[in-house]
Amino acid sequence: MVCDVCHKREATVHLTEIINNKVTKLHLCEQCAREKSQEMEEHFGLADLLSGLVDLVPVVEKKEKIAAETGIKCPSCNFTFQNFRKMGRLGCPKCYETFKEQLSPLLRKIHGSDRHTGKLPIKKEVIRDKGALLSDLKAKLEKAIKLEEFEEAARLRDQVKALERKRKK
């Protein structure tokens, strides 16, 4: 599919815009998408989106007024909550602690929680599962040896060795 803007390059970015139930699709090449992205950022920046969400949360407005009246600034970078509303970004990691009361309702609105629990990448989860499997197999091997089930013990030993080889890779 060819780019809808330049009509020269292959379209790799596909945008769907819905305004008043009217669907408009736009297929862009990477270069035109970058230009369109900058244009959209100017018109509808992240700061506008976030400040719109902040406006949806009345508790934040009250706490924001308190922060403005008391002149709360981040001790590390001197950033204010009003700076966050304008730019849509915080100044430094310490800002999260400084503006915790103002950010918590907003984060709950966006993410459903104000705590980041994180995720492990798929490979890490697999490695952790292999570790649990390995310790389980070793326990079964010990038990089979004690019960003198040597055929079962040999099979388990081979599984343990194979799993240990895979973990080293």
# chains A, B, ... in the order shown; residues from 1 in each chain; ligands from 1

$ residues_around --residues "range 153-164 of chain A" --least-positions-apart "4" --cutoff "7 Å" --atoms "only C-alpha atoms" --output "ChimeraX atom specification"
/A:134,137-138,141,144-145,149,168

$ select_by_dssp --residues "range 78-122 of chain A" --states "helix (DSSP H, G or I)" --output "JSON list (two decimals) with C-alpha atoms, in the first residue's frame"
[["chain", "number", "residue", "atom", "x", "y", "z"],
["A", 81, "PHE", "CA", 2.77, 20.96, 39.23],
["A", 82, "GLN", "CA", 1.76, 23.75, 36.84],
["A", 83, "ASN", "CA", 4.87, 22.88, 34.79],
["A", 84, "PHE", "CA", 3.59, 19.32, 34.59],
["A", 85, "ARG", "CA", 0.18, 20.53, 33.39],
["A", 86, "LYS", "CA", 1.80, 22.66, 30.68],
["A", 87, "MET", "CA", 4.39, 20.15, 29.48],
["A", 94, "LYS", "CA", 11.85, 13.09, 42.78],
["A", 95, "CYS", "CA", 8.81, 14.91, 41.28],
["A", 96, "TYR", "CA", 6.76, 11.72, 41.69],
["A", 97, "GLU", "CA", 7.28, 11.88, 45.45],
["A", 98, "THR", "CA", 6.83, 15.66, 45.65],
["A", 100, "LYS", "CA", 2.25, 12.35, 44.95],
["A", 101, "GLU", "CA", -1.04, 13.77, 46.24],
["A", 102, "GLN", "CA", -1.75, 15.52, 42.93],
["A", 103, "LEU", "CA", -0.64, 12.59, 40.75],
["A", 104, "SER", "CA", -2.35, 9.71, 42.60],
["A", 105, "PRO", "CA", -5.93, 10.45, 41.45],
["A", 106, "LEU", "CA", -4.71, 11.06, 37.90],
["A", 107, "LEU", "CA", -2.75, 7.79, 37.80],
["A", 108, "ARG", "CA", -5.73, 5.89, 39.21],
["A", 109, "LYS", "CA", -7.92, 7.41, 36.48],
["A", 110, "ILE", "CA", -5.48, 6.47, 33.70],
["A", 111, "HIS", "CA", -4.13, 3.10, 34.91],
["A", 122, "ILE", "CA", 8.57, -13.38, 28.90]]

$ residues_around --residues "Val5 in chain A" --least-positions-apart "2" --cutoff "7 Å" --atoms "only C-alpha atoms" --output "JSON, numbers by chain"
{"A": [3, 7, 28, 32]}

$ write_last_selection --atoms "N, CA and C atoms" --output "short mmCIF file (atom, residue, chain, number, x, y, z; two decimals), in the first residue's frame"
data_model
loop_
_atom_site.label_atom_id
_atom_site.label_comp_id
_atom_site.auth_asym_id
_atom_site.auth_seq_id
_atom_site.Cartn_x
_atom_site.Cartn_y
_atom_site.Cartn_z
N CYS A 3 1.81 5.34 0.47
CA CYS A 3 1.53 6.42 1.42
C CYS A 3 0.48 7.38 0.84
N HIS A 7 2.62 9.62 -1.75
CA HIS A 7 2.33 8.72 -2.86
C HIS A 7 3.58 8.11 -3.48
N LEU A 28 0.29 5.94 6.06
CA LEU A 28 1.47 6.80 5.91
C LEU A 28 2.76 5.99 5.87
N CYS A 32 6.47 10.42 6.50
CA CYS A 32 5.26 11.25 6.59
C CYS A 32 4.60 11.09 7.96
#

$ residues_around --residues "Leu26 in chain A" --least-positions-apart "2" --cutoff "9 Å" --atoms "only C-alpha atoms" --output "list in words"
Cys3, Asp4, Val5, Val13, His14, Leu15, Thr16, Glu17, Thr24 and Leu28 of chain A

$ write_last_selection --atoms "N, CA and C atoms" --output "JSON list (two decimals), in the first residue's frame"
[["chain", "number", "residue", "atom", "x", "y", "z"],
["A", 3, "CYS", "N", 1.81, 5.34, 0.47],
["A", 3, "CYS", "CA", 1.53, 6.42, 1.42],
["A", 3, "CYS", "C", 0.48, 7.38, 0.84],
["A", 4, "ASP", "N", -0.52, 7.75, 1.65],
["A", 4, "ASP", "CA", -1.58, 8.66, 1.22],
["A", 4, "ASP", "C", -1.11, 10.10, 1.08],
["A", 5, "VAL", "N", 0.04, 10.44, 1.67],
["A", 5, "VAL", "CA", 0.52, 11.83, 1.63],
["A", 5, "VAL", "C", 1.49, 12.04, 0.48],
["A", 13, "VAL", "N", 2.51, 2.91, 8.55],
["A", 13, "VAL", "CA", 1.74, 3.40, 9.69],
["A", 13, "VAL", "C", 0.31, 3.63, 9.22],
["A", 14, "HIS", "N", -0.64, 3.08, 9.98],
["A", 14, "HIS", "CA", -2.04, 3.18, 9.59],
["A", 14, "HIS", "C", -2.82, 3.83, 10.72],
["A", 15, "LEU", "N", -3.41, 4.99, 10.45],
["A", 15, "LEU", "CA", -4.16, 5.74, 11.46],
["A", 15, "LEU", "C", -5.66, 5.68, 11.14],
["A", 16, "THR", "N", -6.46, 5.58, 12.17],
["A", 16, "THR", "CA", -7.91, 5.64, 12.02],
["A", 16, "THR", "C", -8.41, 6.76, 12.90],
["A", 17, "GLU", "N", -9.11, 7.71, 12.31],
["A", 17, "GLU", "CA", -9.63, 8.86, 13.03],
["A", 17, "GLU", "C", -11.15, 8.79, 13.01],
["A", 24, "THR", "N", -12.22, 8.00, 9.29],
["A", 24, "THR", "CA", -11.27, 8.37, 8.25],
["A", 24, "THR", "C", -10.00, 7.55, 8.48],
["A", 28, "LEU", "N", 0.29, 5.94, 6.06],
["A", 28, "LEU", "CA", 1.47, 6.80, 5.91],
["A", 28, "LEU", "C", 2.76, 5.99, 5.87]]
